[in-house]
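Engineer: If it helps, the file is called target36.cif and holds mmCIF, C-alpha atoms:
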```cif
data_final
loop_
_atom_site.label_atom_id
_atom_site.label_comp_id
_atom_site.auth_asym_id
_atom_site.auth_seq_id
_atom_site.Cartn_x
_atom_site.Cartn_y
_atom_site.Cartn_z
CA ASN A 30 23.75 10.24 -4.32
CA VAL A 31 21.93 7.41 -2.51
CA VAL A 32 22.61 8.89 0.93
CA ARG A 33 21.49 12.36 -0.21
CA HIS A 34 18.17 10.98 -1.48
CA PHE A 35 17.82 8.66 1.52
CA ARG A 36 18.00 11.60 3.92
CA SER A 37 15.14 13.43 2.21
CA LEU A 38 12.95 10.38 1.59
CA ARG A 39 9.21 10.58 2.01
CA ILE A 40 7.33 7.29 1.99
CA LEU A 41 3.63 7.00 1.17
CA GLN A 42 2.33 4.34 3.57
CA ILE A 43 -0.91 2.80 2.34
CA ALA A 44 -2.67 1.24 5.35
CA PRO A 45 -1.01 0.24 8.61
CA ARG A 46 1.23 -2.76 9.12
CA PRO A 47 -0.88 -5.96 9.51
CA ALA A 48 -1.02 -7.16 13.12
CA SER A 49 0.85 -10.41 12.40
CA PHE A 50 3.92 -8.57 11.05
CA TRP A 51 5.50 -7.56 14.37
CA THR A 52 9.02 -7.93 12.94
CA MET A 53 8.26 -5.23 10.38
CA MET A 54 7.61 -2.45 12.91
CA VAL A 55 9.11 0.95 12.22
CA ASN A 56 9.62 3.87 14.57
CA GLU A 57 8.45 6.87 12.55
CA GLY A 58 9.85 9.33 15.08
CA GLU A 59 13.31 7.77 14.90
CA LEU A 60 13.23 7.65 11.09
CA LEU A 61 12.46 11.36 11.01
CA GLU A 62 14.91 12.33 13.76
CA ARG A 63 17.89 10.24 12.69
CA PHE A 64 17.49 10.15 8.93
CA GLY A 65 14.97 12.84 7.94
CA ILE A 66 12.66 10.18 6.47
CA GLU A 67 8.99 11.16 6.54
CA ILE A 68 6.09 8.72 6.47
CA HIS A 69 2.85 9.96 4.91
CA PRO A 70 0.05 7.51 5.85
CA ILE A 71 -3.23 7.01 4.01
CA THR A 72 -5.89 4.37 4.58
CA LEU A 73 -6.96 1.47 2.39
CA VAL A 74 -10.29 3.29 2.04
CA ASP A 75 -8.49 6.31 0.57
CA ILE A 76 -6.63 4.26 -2.04
CA THR A 77 -9.70 2.12 -2.82
CA ARG A 78 -11.87 5.16 -3.50
CA ALA A 79 -9.17 6.81 -5.60
CA ALA A 80 -8.67 3.63 -7.64
CA GLN A 81 -12.42 3.27 -8.20
CA ARG A 82 -12.57 6.85 -9.51
CA GLN A 83 -9.64 6.17 -11.86
CA GLU A 84 -11.20 2.93 -13.11
CA LYS A 85 -14.19 4.88 -14.44
CA LYS A 86 -11.98 7.24 -16.44
CA ASN A 87 -10.28 6.83 -19.79
CA SER A 88 -7.49 9.25 -18.94
CA SER A 89 -4.17 9.05 -20.70
CA GLU A 90 -2.61 7.71 -17.47
CA MET A 91 -5.16 4.90 -17.34
CA LEU A 92 -4.68 4.00 -21.00
CA GLU A 93 -0.89 4.01 -20.56
CA ALA A 94 -1.12 1.79 -17.46
CA VAL A 95 -3.41 -0.69 -19.23
CA ASP A 96 -1.09 -0.79 -22.26
CA PHE A 97 1.93 -1.29 -19.99
CA ILE A 98 0.27 -4.25 -18.25
CA ARG A 99 -0.85 -5.83 -21.51
CA SER A 100 2.57 -5.47 -23.12
CA ARG A 101 4.57 -7.00 -20.26
CA ILE A 102 2.38 -9.50 -18.45
CA ASP A 103 0.58 -12.64 -19.59
CA ILE A 104 -3.03 -11.67 -18.96
CA THR A 105 -4.72 -14.63 -20.65
CA GLU A 106 -6.17 -15.80 -17.33
CA VAL A 107 -7.71 -12.46 -16.29
CA THR A 108 -10.52 -10.30 -17.57
CA ASP A 109 -10.24 -6.85 -19.08
CA ASP A 110 -12.00 -5.51 -15.98
CA ASP A 111 -9.26 -7.01 -13.80
CA VAL A 112 -6.56 -5.37 -15.91
CA ARG A 113 -8.34 -1.99 -15.63
CA ARG A 114 -8.65 -2.46 -11.86
CA VAL A 115 -4.91 -3.07 -11.46
CA ALA A 116 -4.12 -0.16 -13.77
CA ALA A 117 -6.44 2.08 -11.75
CA LEU A 118 -4.65 1.11 -8.54
CA LYS A 119 -1.30 1.96 -10.12
CA VAL A 120 -2.54 5.36 -11.30
CA ALA A 121 -4.14 6.16 -7.93
CA MET A 122 -0.97 5.19 -6.04
CA LYS A 123 1.17 7.34 -8.31
CA GLN A 124 -1.16 10.32 -7.92
CA PHE A 125 -1.04 10.05 -4.12
CA ALA A 126 2.76 9.82 -4.28
CA VAL A 127 2.95 12.95 -6.43
CA GLU A 128 0.45 14.85 -4.23
CA THR A 129 2.38 14.01 -1.05
CA GLY A 130 5.84 14.45 -2.55
CA SER A 131 6.64 10.80 -1.84
CA SER A 132 9.47 9.03 -3.62
CA ALA A 133 8.56 5.55 -2.36
CA ILE A 134 5.35 3.66 -1.59
CA ALA A 135 4.70 0.92 0.96
CA ILE A 136 1.36 -0.90 0.87
CA GLN A 137 -0.20 -3.36 3.27
CA CYS A 138 0.14 -6.85 1.83
#
```
Just give me the structure of the file as structure tokens.
Structural biologist:
Amino acid sequence: NVVRHFRSLRILQIAPRPASFWTMMVNEGELLERFGIEIHPITLVDITRAAQRQEKKNSSEMLEAVDFIRSRIDITEVTDDDVRRVAALKVAMKQFAVETGSSAIAIQC
């Protein structure tokens, strides 16, 4: 089951690898050729804009993400705006993954 899913993996790559992470290089051509793994890149600007749009909404996905964060994480040291911002990033990332058919996400640290 793992191998079957591995061979059809599509990874949403949010922003390129930071310059100081030379040991984390990946050969996209080899991943596709040898394993059938596709990389779908987007920029930090793309994800930032999508998250900002989500933050302004009160969609069910946003409300669920906020509730999830509040129920599982100690948020006493952060503001409600910070919680909404993190929830908006989660929703935006998931939407990009769904749109691109990605089953995994990698984001620049």
Engineer: Do a neighbour search on Ile71 in chain A at 8 Å with all atoms listed in the file, toss out local chain neighbours closer than 5 positions, and write the hits as a CSV table (one decimal) with C-alpha atoms, in the coordinates of the input.
Structural biologist:
```csv
chain,number,residue,atom,x,y,z
A,41,LEU,CA,3.6,7.0,1.2
A,42,GLN,CA,2.3,4.3,3.6
A,43,ILE,CA,-0.9,2.8,2.3
A,44,ALA,CA,-2.7,1.2,5.4
A,76,ILE,CA,-6.6,4.3,-2.0
```
Engineer: Which residue, A:Ala79, A:Leu118, A:Leu92, A:Ile40, has the smallest gap to Glu67 in chain A when you use all atoms listed in the file?
Structural biologist: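 That would be A:Ile40, the residue with the smallest distance to Glu67 in chain A.
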Engineer: Of the residues A:Ala121, A:Ser49, A:Asn30, A:Arg113, which is the one nearest to Thr77 in chain A, using all atoms listed in the file?
Structural biologist: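 Answer, going by the shortest atom-to-atom distance: A:Ala121.
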Engineer: For a test of reading the model, state the distance in Å between CA of Phe64 in chain A and CA of Phe50 in chain A, rounded to one decimal.
Structural biologist: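 So the answer is 23.2 Å.
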Engineer: Using only C-alpha atoms, determine which residues lie at most 10 Å from Lys119 in chain A, disregarding the query and same-chain residues fewer than 2 positions distant; provide the list as a list in words.
Structural biologist: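 Contacts, in chain order: Ile76, Ala80, Gln83, Glu90, Met91, Ala94, Val95, Arg113, Arg114, Val115, Ala116, Ala117, Ala121, Met122, Lys123 and Gln124 of chain A.
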Engineer: Would you compute the distance between CA of Arg46 in chain A and CA of Pro70 in chain A? Give it in Å to one decimal.
Structural biologist: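 According to the coordinates, CA of Arg46 in chain A and CA of Pro70 in chain A are separated by 10.8 Å.
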